[in-house]
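Below is the file query.cif, which contains mmCIF, C-alpha atoms.
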```cif
data_work
loop_
_atom_site.label_atom_id
_atom_site.label_comp_id
_atom_site.auth_asym_id
_atom_site.auth_seq_id
_atom_site.Cartn_x
_atom_site.Cartn_y
_atom_site.Cartn_z
CA MET A 1 32.17 -56.66 -62.41
CA ILE A 2 34.62 -56.08 -59.56
CA ASP A 3 37.12 -58.52 -58.10
CA SER A 4 36.24 -58.95 -54.40
CA LEU A 5 39.81 -59.10 -53.17
CA ALA A 6 40.78 -55.97 -55.08
CA ALA A 7 37.74 -54.18 -53.65
CA LEU A 8 38.64 -55.20 -50.11
CA ARG A 9 42.20 -53.98 -50.59
CA LEU A 10 40.79 -50.63 -51.58
CA ILE A 11 38.46 -50.58 -48.56
CA SER A 12 41.44 -51.36 -46.35
CA ARG A 13 43.23 -48.31 -47.73
CA HIS A 14 40.32 -46.08 -46.77
CA ARG A 15 39.56 -47.75 -43.46
CA GLY A 16 41.51 -45.38 -41.20
CA ASN A 17 41.31 -46.64 -37.62
CA GLY A 18 37.89 -48.12 -38.20
CA VAL A 19 36.53 -51.34 -36.77
CA VAL A 20 35.66 -53.78 -39.55
CA VAL A 21 32.88 -56.33 -39.10
CA ALA A 22 32.83 -58.98 -41.80
CA THR A 23 30.81 -62.08 -42.51
CA MET A 24 30.88 -65.14 -44.73
CA SER A 25 33.04 -64.91 -47.87
CA ALA A 26 34.03 -61.31 -47.12
CA SER A 27 35.47 -62.44 -43.79
CA PHE A 28 37.59 -65.10 -45.50
CA LEU A 29 39.04 -62.59 -47.91
CA TRP A 30 39.36 -59.72 -45.46
CA ARG A 31 41.97 -61.57 -43.45
CA LYS A 32 44.23 -61.46 -46.49
CA VAL A 33 44.15 -57.69 -46.75
CA SER A 34 43.59 -56.29 -43.26
CA THR A 35 46.40 -54.23 -41.77
CA LEU A 36 44.67 -53.88 -38.38
CA PRO A 37 43.51 -57.39 -37.49
CA GLY A 38 43.19 -56.31 -33.87
CA LEU A 39 40.19 -54.25 -34.86
CA ASP A 40 38.51 -56.86 -37.05
CA VAL A 41 35.41 -58.80 -36.05
CA LEU A 42 35.02 -61.78 -38.35
CA HIS A 43 31.69 -63.29 -37.47
CA SER A 44 29.74 -65.73 -39.60
CA ASP A 45 28.02 -67.79 -36.96
CA VAL A 46 24.69 -65.97 -36.87
CA MET A 47 23.83 -65.63 -40.49
CA GLY A 48 22.54 -62.26 -41.58
CA LYS A 49 23.17 -60.39 -38.36
CA THR A 50 26.43 -58.67 -39.28
CA SER A 51 24.69 -55.39 -40.00
CA SER A 52 23.10 -55.49 -36.53
CA LEU A 53 26.45 -56.20 -34.89
CA GLY A 54 27.94 -53.29 -36.79
CA LEU A 55 25.12 -51.01 -35.70
CA GLY A 56 25.78 -51.81 -32.04
CA LEU A 57 29.48 -51.05 -32.47
CA ALA A 58 28.75 -47.82 -34.32
CA LEU A 59 26.42 -46.64 -31.56
CA ALA A 60 28.95 -47.53 -28.88
CA LEU A 61 31.92 -45.95 -30.67
CA PRO A 62 30.58 -42.81 -32.33
CA ASP A 63 34.03 -41.33 -32.93
CA ARG A 64 35.41 -44.32 -34.77
CA PRO A 65 34.39 -45.52 -38.24
CA VAL A 66 32.66 -48.90 -38.29
CA VAL A 67 32.77 -50.71 -41.62
CA VAL A 68 30.36 -53.60 -42.15
CA LEU A 69 31.33 -56.03 -44.91
CA ASP A 70 28.06 -57.77 -45.68
CA GLY A 71 26.93 -60.14 -48.39
CA ASP A 72 23.82 -59.81 -50.50
CA GLY A 73 22.53 -63.19 -49.31
CA SER A 74 23.34 -62.27 -45.72
CA LEU A 75 21.56 -58.94 -45.97
CA LEU A 76 18.47 -60.65 -47.38
CA MET A 77 18.25 -62.54 -44.08
CA ASN A 78 18.05 -59.29 -42.15
CA LEU A 79 16.54 -56.70 -44.46
CA GLY A 80 14.76 -54.98 -41.60
CA SER A 81 18.17 -53.96 -40.29
CA LEU A 82 18.36 -51.44 -43.13
CA VAL A 83 15.43 -49.61 -41.59
CA THR A 84 16.76 -49.99 -38.04
CA ILE A 85 20.15 -48.59 -39.06
CA ALA A 86 18.67 -45.71 -41.03
CA ALA A 87 16.41 -44.81 -38.12
CA MET A 88 19.31 -44.74 -35.63
CA ALA A 89 21.39 -42.87 -38.21
CA PRO A 90 24.93 -43.49 -36.93
CA ARG A 91 27.15 -41.09 -38.86
CA ASN A 92 30.14 -43.41 -38.47
CA LEU A 93 28.64 -46.54 -40.04
CA ILE A 94 29.68 -47.64 -43.53
CA HIS A 95 27.66 -50.61 -44.75
CA VAL A 96 29.33 -52.34 -47.69
CA VAL A 97 27.50 -55.13 -49.51
CA LEU A 98 29.43 -57.50 -51.74
CA GLY A 99 26.83 -58.40 -54.31
CA ASN A 100 27.76 -61.66 -56.01
CA GLY A 101 24.20 -62.89 -56.39
CA ALA A 102 24.96 -66.17 -54.67
CA TYR A 103 25.28 -68.00 -51.38
CA LEU A 104 28.94 -68.52 -52.02
CA THR A 105 30.01 -70.37 -48.93
CA SER A 106 27.28 -73.00 -49.19
CA GLY A 107 28.02 -73.87 -52.80
CA ASN A 108 27.21 -70.88 -54.99
CA GLN A 109 23.43 -71.26 -55.01
CA PRO A 110 21.64 -68.19 -56.42
CA ILE A 111 20.02 -65.78 -53.98
CA PRO A 112 16.27 -65.19 -54.39
CA GLY A 113 15.63 -62.42 -56.84
CA ARG A 114 19.11 -62.44 -58.31
CA GLY A 115 19.37 -59.87 -61.06
CA VAL A 116 16.14 -58.20 -60.00
CA ILE A 117 16.76 -56.82 -56.52
CA ASP A 118 17.95 -53.23 -56.36
CA PHE A 119 20.02 -53.18 -53.16
CA PRO A 120 21.00 -49.49 -53.37
CA GLY A 121 17.33 -48.75 -54.00
CA LEU A 122 16.36 -50.69 -50.89
CA ALA A 123 18.91 -48.78 -48.81
CA ALA A 124 17.77 -45.44 -50.16
CA ALA A 125 14.14 -46.30 -49.54
CA ALA A 126 14.99 -47.38 -46.00
CA GLY A 127 16.45 -43.95 -45.34
CA TYR A 128 20.23 -44.23 -45.73
CA PRO A 129 21.31 -40.68 -46.52
CA SER A 130 24.31 -41.72 -48.59
CA VAL A 131 23.97 -44.56 -51.09
CA HIS A 132 26.50 -45.65 -53.71
CA GLY A 133 26.78 -48.44 -56.21
CA PHE A 134 29.86 -49.56 -58.11
CA ALA A 135 30.03 -52.11 -60.91
CA ASP A 136 33.57 -51.71 -62.23
CA ALA A 137 37.05 -51.34 -60.80
CA GLU A 138 37.74 -47.93 -62.31
CA GLY A 139 34.62 -46.38 -60.87
CA LEU A 140 35.32 -47.93 -57.49
CA GLU A 141 38.90 -46.62 -57.46
CA ARG A 142 37.64 -43.13 -58.26
CA GLY A 143 34.63 -43.04 -55.98
CA LEU A 144 35.14 -45.25 -52.92
CA GLY A 145 37.20 -42.83 -50.85
CA ARG A 146 34.67 -40.06 -51.29
CA ALA A 147 31.78 -42.42 -50.52
CA MET A 148 33.39 -43.76 -47.33
CA GLY A 149 34.17 -40.24 -46.20
CA GLN A 150 30.57 -39.07 -46.21
CA ALA A 151 28.39 -38.74 -43.14
CA GLY A 152 26.63 -42.00 -42.52
CA PRO A 153 25.04 -44.26 -42.46
CA VAL A 154 26.67 -44.87 -45.83
CA PHE A 155 25.59 -47.74 -48.06
CA VAL A 156 28.02 -49.04 -50.68
CA TYR A 157 26.94 -51.78 -53.06
CA LEU A 158 29.68 -53.55 -55.00
CA LYS A 159 28.77 -55.75 -57.94
CA VAL A 160 31.44 -58.41 -57.53
CA ALA A 161 32.32 -61.59 -59.36
CA ALA A 162 31.39 -64.81 -57.59
CA ALA A 163 34.61 -66.57 -56.67
CA TRP A 164 34.77 -69.83 -54.78
CA THR A 165 36.25 -69.67 -51.30
CA PRO A 166 38.39 -72.59 -50.19
CA ALA A 167 36.54 -74.58 -47.54
CA ARG A 168 39.50 -74.59 -45.20
CA ALA A 169 39.73 -70.80 -45.12
CA ARG A 170 37.35 -70.64 -42.21
CA PRO A 171 36.90 -67.42 -40.27
CA THR A 172 38.36 -66.93 -36.86
CA ARG A 173 36.04 -68.35 -34.24
CA ALA A 174 33.60 -65.68 -33.32
CA ARG A 175 34.22 -65.56 -29.62
CA ALA A 176 37.96 -65.37 -30.03
CA ALA A 177 37.57 -62.59 -32.57
CA LEU A 178 35.26 -60.64 -30.30
CA ALA A 179 37.51 -61.10 -27.29
CA HIS A 180 40.32 -59.86 -29.47
CA LEU A 181 38.37 -56.76 -30.44
CA ARG A 182 37.11 -56.10 -26.94
CA ALA A 183 40.63 -56.19 -25.60
CA ALA A 184 41.83 -53.90 -28.32
CA LEU A 185 39.09 -51.38 -27.63
CA ARG A 186 39.18 -51.54 -23.85
CA ASP A 187 42.85 -51.57 -23.21
CA ALA A 188 44.59 -49.79 -25.94
CA SER A 189 42.61 -48.65 -28.92
CA SER A 190 43.66 -45.08 -28.40
CA ARG A 191 47.28 -46.18 -28.50
CA ILE A 192 47.03 -48.11 -31.73
CA ARG A 193 48.47 -45.91 -34.39
CA VAL A 194 47.29 -46.54 -37.89
CA PRO A 195 50.32 -47.50 -39.95
CA ARG A 196 50.62 -45.93 -43.35
CA ALA A 197 51.05 -48.32 -46.23
CA GLY A 198 54.45 -49.95 -45.95
CA GLN A 199 55.13 -48.54 -42.47
CA ARG A 200 56.32 -51.00 -39.84
CA LEU A 201 54.68 -51.21 -36.43
CA SER A 202 56.57 -49.63 -33.57
CA SER A 203 57.87 -51.87 -30.79
CA GLU A 204 55.09 -50.57 -28.53
CA ASP A 205 52.40 -51.41 -31.06
CA ARG A 206 53.99 -54.77 -31.70
CA ALA A 207 53.98 -55.60 -28.00
CA LEU A 208 50.36 -54.54 -27.83
CA THR A 209 49.28 -56.72 -30.72
CA GLU A 210 51.15 -59.64 -29.17
CA ARG A 211 49.26 -59.19 -25.91
CA ILE A 212 45.99 -59.06 -27.82
CA ALA A 213 46.89 -62.20 -29.74
CA ALA A 214 47.64 -63.98 -26.47
CA LEU A 215 44.21 -63.04 -25.16
CA ARG A 216 42.69 -64.24 -28.40
CA ARG A 217 44.31 -67.64 -28.00
CA ARG A 218 43.03 -67.90 -24.43
CA ALA A 219 39.51 -67.03 -25.54
CA GLY A 220 39.71 -69.62 -28.28
CA ARG A 221 40.75 -72.32 -25.83
CA SER A 222 38.06 -71.41 -23.31
CA ARG A 223 35.39 -72.05 -25.90
CA GLY A 224 36.39 -75.69 -25.97
CA MET B 30 0.30 -51.88 -6.08
CA ARG B 31 -1.38 -51.44 -9.42
CA PRO B 32 0.78 -52.00 -12.48
CA GLY B 33 1.23 -49.02 -14.73
CA PRO B 34 3.46 -46.06 -15.39
CA PRO B 35 4.74 -45.80 -11.81
CA PHE B 36 5.96 -49.38 -12.04
CA ALA B 37 7.57 -48.62 -15.39
CA GLU B 38 9.38 -45.67 -13.81
CA ARG B 39 10.70 -47.96 -11.09
CA VAL B 40 11.92 -50.41 -13.70
CA VAL B 41 13.73 -47.60 -15.51
CA ALA B 42 15.29 -46.43 -12.25
CA GLU B 43 16.48 -49.97 -11.68
CA LEU B 44 17.97 -50.11 -15.16
CA ARG B 45 19.82 -46.88 -14.46
CA ALA B 46 21.08 -48.28 -11.17
CA CYS B 47 22.54 -51.20 -13.15
CA GLY B 48 24.38 -48.77 -15.42
CA VAL B 49 22.29 -49.60 -18.45
CA THR B 50 22.95 -47.27 -21.38
CA HIS B 51 20.82 -48.65 -24.23
CA VAL B 52 17.39 -50.28 -24.37
CA ILE B 53 16.92 -52.35 -27.50
CA TYR B 54 13.21 -52.66 -27.94
CA LEU B 55 10.39 -54.00 -30.04
CA PRO B 56 6.96 -52.78 -28.98
CA ASP B 57 4.17 -54.83 -27.59
CA SER B 58 0.92 -53.82 -26.03
CA ALA B 59 2.01 -54.60 -22.48
CA THR B 60 5.28 -52.68 -22.29
CA HIS B 61 4.40 -49.36 -23.85
CA ALA B 62 4.56 -47.66 -20.47
CA LEU B 63 8.11 -48.91 -20.11
CA ARG B 64 8.98 -47.55 -23.52
CA ASP B 65 7.54 -44.17 -22.62
CA ALA B 66 9.51 -44.16 -19.37
CA VAL B 67 12.73 -45.01 -21.23
CA GLU B 68 12.11 -42.15 -23.63
CA ARG B 69 11.74 -39.76 -20.71
CA GLU B 70 15.11 -40.82 -19.29
CA PRO B 71 17.81 -38.88 -21.14
CA ARG B 72 20.60 -41.16 -19.96
CA LEU B 73 19.06 -44.12 -21.77
CA THR B 74 19.14 -44.51 -25.54
CA LEU B 75 16.20 -46.33 -27.06
CA VAL B 76 17.11 -48.54 -30.03
CA PRO B 77 13.91 -49.66 -31.76
CA VAL B 78 14.32 -52.72 -33.97
CA CYS B 79 12.19 -54.11 -36.77
CA ARG B 80 12.48 -57.74 -35.65
CA GLU B 81 13.68 -59.25 -32.40
CA GLY B 82 16.48 -61.26 -34.00
CA GLU B 83 18.36 -58.02 -34.62
CA ALA B 84 18.49 -57.18 -30.94
CA LEU B 85 21.26 -59.48 -29.73
CA GLY B 86 23.50 -58.57 -32.65
CA ILE B 87 23.14 -54.92 -31.68
CA ALA B 88 23.64 -55.81 -28.01
CA THR B 89 26.86 -57.65 -28.86
CA GLY B 90 28.25 -54.64 -30.67
CA LEU B 91 27.30 -52.33 -27.82
CA ILE B 92 28.92 -54.58 -25.22
CA VAL B 93 32.11 -54.92 -27.24
CA GLY B 94 32.13 -51.15 -27.49
CA GLY B 95 31.85 -50.75 -23.72
CA LYS B 96 28.14 -50.02 -23.30
CA ILE B 97 25.51 -51.84 -21.26
CA PRO B 98 22.38 -52.76 -23.21
CA VAL B 99 19.21 -54.55 -22.23
CA VAL B 100 16.84 -56.22 -24.66
CA VAL B 101 13.10 -55.74 -24.22
CA HIS B 102 10.45 -57.61 -26.18
CA GLN B 103 7.60 -60.07 -25.86
CA SER B 104 8.02 -63.80 -25.30
CA THR B 105 7.15 -64.37 -28.95
CA GLY B 106 10.26 -62.35 -29.76
CA LEU B 107 12.31 -64.81 -27.78
CA PHE B 108 11.15 -67.55 -30.12
CA GLU B 109 11.93 -65.37 -33.13
CA SER B 110 15.44 -64.68 -31.77
CA GLY B 111 16.49 -68.29 -31.37
CA ASP B 112 19.56 -68.30 -33.58
CA SER B 113 20.74 -64.93 -32.27
CA ILE B 114 20.43 -66.19 -28.71
CA ARG B 115 22.44 -69.27 -29.62
CA GLY B 116 25.13 -67.58 -31.68
CA PHE B 117 25.51 -64.33 -29.76
CA ALA B 118 24.20 -64.63 -26.21
CA LEU B 119 25.17 -68.24 -25.49
CA ASP B 120 28.17 -68.94 -27.70
CA LEU B 121 29.80 -65.59 -26.95
CA ARG B 122 28.81 -65.78 -23.27
CA LEU B 123 27.21 -62.39 -23.46
CA PRO B 124 26.44 -60.76 -20.10
CA VAL B 125 23.14 -59.33 -21.20
CA LEU B 126 19.80 -58.86 -19.52
CA LEU B 127 16.66 -59.83 -21.42
CA LEU B 128 13.39 -58.25 -20.25
CA ILE B 129 10.70 -60.41 -21.75
CA GLU B 130 7.03 -59.62 -21.51
CA TYR B 131 5.40 -62.84 -20.31
CA ARG B 132 2.48 -62.96 -22.72
CA GLY B 133 -0.36 -65.12 -21.49
CA TRP B 134 0.84 -65.37 -17.91
CA SER B 135 -1.93 -65.61 -15.37
CA PRO B 136 -1.68 -65.55 -11.57
CA ASN B 137 -4.73 -67.76 -11.08
CA ARG B 138 -4.70 -70.47 -13.71
CA ALA B 139 -2.46 -72.51 -15.93
CA ALA B 140 -1.42 -70.76 -19.09
CA THR B 141 -3.24 -71.67 -22.28
CA ASP B 142 -1.50 -69.23 -24.61
CA SER B 143 1.36 -71.16 -26.23
CA ALA B 144 3.51 -68.03 -25.92
CA ALA B 145 3.33 -68.55 -22.16
CA VAL B 146 3.37 -72.35 -22.19
CA PHE B 147 6.71 -72.62 -23.97
CA VAL B 148 8.71 -69.67 -22.72
CA GLU B 149 10.08 -71.07 -19.45
CA PRO B 150 10.77 -74.58 -20.83
CA ILE B 151 12.69 -72.99 -23.70
CA LEU B 152 14.72 -70.79 -21.37
CA ARG B 153 15.53 -73.86 -19.29
CA ALA B 154 16.50 -75.80 -22.41
CA TRP B 155 18.92 -73.02 -23.35
CA GLY B 156 20.27 -72.90 -19.82
CA ILE B 157 19.27 -69.28 -19.39
CA ARG B 158 18.65 -68.35 -15.77
CA HIS B 159 15.38 -66.47 -15.44
CA TYR B 160 13.10 -64.80 -12.92
CA VAL B 161 9.46 -63.75 -13.00
CA LEU B 162 8.82 -60.13 -12.05
CA LYS B 163 5.16 -59.54 -11.31
CA ALA B 164 3.77 -56.11 -11.95
CA GLY B 165 4.07 -53.98 -8.87
CA ALA B 166 6.62 -56.23 -7.22
CA ASP B 167 10.08 -55.10 -6.20
CA PRO B 168 12.04 -54.58 -9.43
CA GLY B 169 15.25 -55.22 -7.54
CA VAL B 170 15.36 -58.59 -9.28
CA ILE B 171 16.55 -56.65 -12.33
CA SER B 172 19.70 -55.57 -10.51
CA ARG B 173 20.22 -59.08 -9.21
CA GLY B 174 19.81 -60.46 -12.72
CA ALA B 175 22.27 -57.93 -14.13
CA ALA B 176 24.82 -58.82 -11.46
CA GLU B 177 24.39 -62.51 -12.19
CA ALA B 178 24.79 -61.91 -15.91
CA ARG B 179 28.06 -60.07 -15.26
CA GLU B 180 29.32 -62.68 -12.84
CA ALA B 181 28.41 -65.67 -14.98
CA GLN B 182 29.20 -63.97 -18.30
CA ALA B 183 25.89 -65.26 -19.55
CA PRO B 184 22.44 -63.95 -20.45
CA VAL B 185 19.78 -63.67 -17.73
CA ALA B 186 16.08 -63.24 -18.47
CA ILE B 187 13.52 -61.33 -16.44
CA LEU B 188 9.97 -62.32 -17.37
CA LEU B 189 7.66 -59.35 -16.89
CA ALA B 190 4.35 -60.81 -15.75
CA ARG B 191 1.42 -58.45 -16.08
CA THR B 192 -2.06 -58.83 -14.75
CA ASP B 193 -3.57 -56.64 -17.45
CA ARG B 194 -2.60 -55.47 -20.91
CA THR B 195 -2.42 -51.75 -20.26
CA ALA B 196 0.64 -51.38 -18.01
#
```
Could you take the file, read its structure, and then write that structure out as structure tokens?
Amino acid sequence: MIDSLAALRLISRHRGNGVVVATMSASFLWRKVSTLPGLDVLHSDVMGKTSSLGLGLALALPDRPVVVLDGDGSLLMNLGSLVTIAAMAPRNLIHVVLGNGAYLTSGNQPIPGRGVIDFPGLAAAAGYPSVHGFADAEGLERGLGRAMGQAGPVFVYLKVAAAWTPARARPTRARAALAHLRAALRDASSRIRVPRAGQRLSSEDRALTERIAALRRRAGRSRG
Amino acid sequence: MRPGPPFAERVVAELRACGVTHVIYLPDSATHALRDAVEREPRLTLVPVCREGEALGIATGLIVGGKIPVVVHQSTGLFESGDSIRGFALDLRLPVLLLIEYRGWSPNRAATDSAAVFVEPILRAWGIRHYVLKAGADPGVISRGAAEAREAQAPVAILLARTDRTA
């Protein structure tokens, strides 16, 4: 069993300049580890559709990795998206499923078929050319970088421990997060340098992220 | 003018004039000519989906990434897509065009097919501006709808009303 936060830290290390789309409990935790929040879309408002949102981004931005952080319960709401994604075959899409076997954010209720469903098997049968499953931290540490580096669509299933998410750790409002991302992509994505671990942002990058944050606040207010 | 492939070609030309890049599509018997026309247009990318609810999630990602998608499916798909329309198209104020095949529409009598009875009331309830495009009519309403979607930062629906099931 893998600790979700540790897994997300590892994903963040291998993210490069990728856009990350996260939903439900993954979106709560991702905010704690992301080093490029300007390129994060944290969207939990349409349950199950994160993989579809990620597909659209991957098709629009073929030269940039797009990492989808999905849940097993969320994916069950949109299983057909596995087939849609495999058929469109975006090489830059990495579809990560945090498999905790539960609807964590609604109170830890078990998902249908818990312990029976073979998510990597579903992805492989749908046509994902690169499918990986990890059940322990050591294997994940050894294999994640190679998995995320393969031509996509890549499917990565992580067997994670169910951990309760504090109710107040709500995701950024969807519209504000999307406005944030849109601004980052439209205005300056090519100028965002990916900081190495421990590296400080340059003054130019800092000014850029401040402008993006200002836009994000405006978008949040306009929603009312 | 008879509906059919020539009309579908005109619709595709109109989509191109609007700058559309991607057509997110779920087949139905009345829009197969449109699908064929999209496939013949190399500047359009067809994105077939398994269920209509996927379409607006994909459209959101494409728009954020700088592309211009349209969504094409039957009116029944609109009902299926309810939560995606709410959470993506309406809450995010998505400037997206929905081309919806108006199943059960008839020029001469009141609709009896519930797929036709409910579609316009539901669009009104959601506050989605919509137009009916009859087969063979001027597809310029598509460009107008796209412009309104951009201006209002909101979805606009074009209901494709056919007089037969083969166009």
Separation of atom CA of B:Thr141 and atom CA of B:Ala186, in Å?
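So the answer is 21.4 Å.
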For a quick test of understanding: name the residues of chain B lying within 9 Å of chain A when counting all atoms listed in the file, and present them as a compact mmCIF listing (two decimals) with C-alpha atoms, in the coordinates of the input.
```txt
# COMPACT_ATOMS: atom_id res chain seq x y z
CA VAL B 76 17.11 -48.54 -30.03
CA PRO B 77 13.91 -49.66 -31.76
CA VAL B 78 14.32 -52.72 -33.97
CA CYS B 79 12.19 -54.11 -36.77
CA ARG B 80 12.48 -57.74 -35.65
CA GLY B 82 16.48 -61.26 -34.00
CA GLU B 83 18.36 -58.02 -34.62
CA ALA B 84 18.49 -57.18 -30.94
CA LEU B 85 21.26 -59.48 -29.73
CA GLY B 86 23.50 -58.57 -32.65
CA ILE B 87 23.14 -54.92 -31.68
CA ALA B 88 23.64 -55.81 -28.01
CA THR B 89 26.86 -57.65 -28.86
CA GLY B 90 28.25 -54.64 -30.67
CA LEU B 91 27.30 -52.33 -27.82
CA ILE B 92 28.92 -54.58 -25.22
CA VAL B 93 32.11 -54.92 -27.24
CA GLY B 94 32.13 -51.15 -27.49
CA GLY B 95 31.85 -50.75 -23.72
CA LYS B 96 28.14 -50.02 -23.30
CA ASP B 112 19.56 -68.30 -33.58
CA SER B 113 20.74 -64.93 -32.27
CA ARG B 115 22.44 -69.27 -29.62
CA GLY B 116 25.13 -67.58 -31.68
CA PHE B 117 25.51 -64.33 -29.76
CA ASP B 120 28.17 -68.94 -27.70
CA LEU B 121 29.80 -65.59 -26.95
CA ARG B 122 28.81 -65.78 -23.27
```
Spell out the residues picked by the PyMOL selection byres ((chain B and resi 71) around 12) here, as number ranges by chain.
B: 41-42, 45, 49-52, 65-70, 72-75
Determine, counting all atoms listed in the file, which protein, DNA and RNA residues have an atom within 7 Å of an atom of A:Tyr157; residues of the same chain fewer than 3 positions away are not included. Present the result as a PyMOL selection string.
chain A and resi 96-99+120+132-134
For this structure, which residues satisfy the selection - the PyMOL selection byres ((chain A and resi 92) around 10) - when it is evaluated on the file as given? I want them as a PyMOL selection string.
chain A and resi 18+55+57-59+61-67+89-91+93-95+148-154
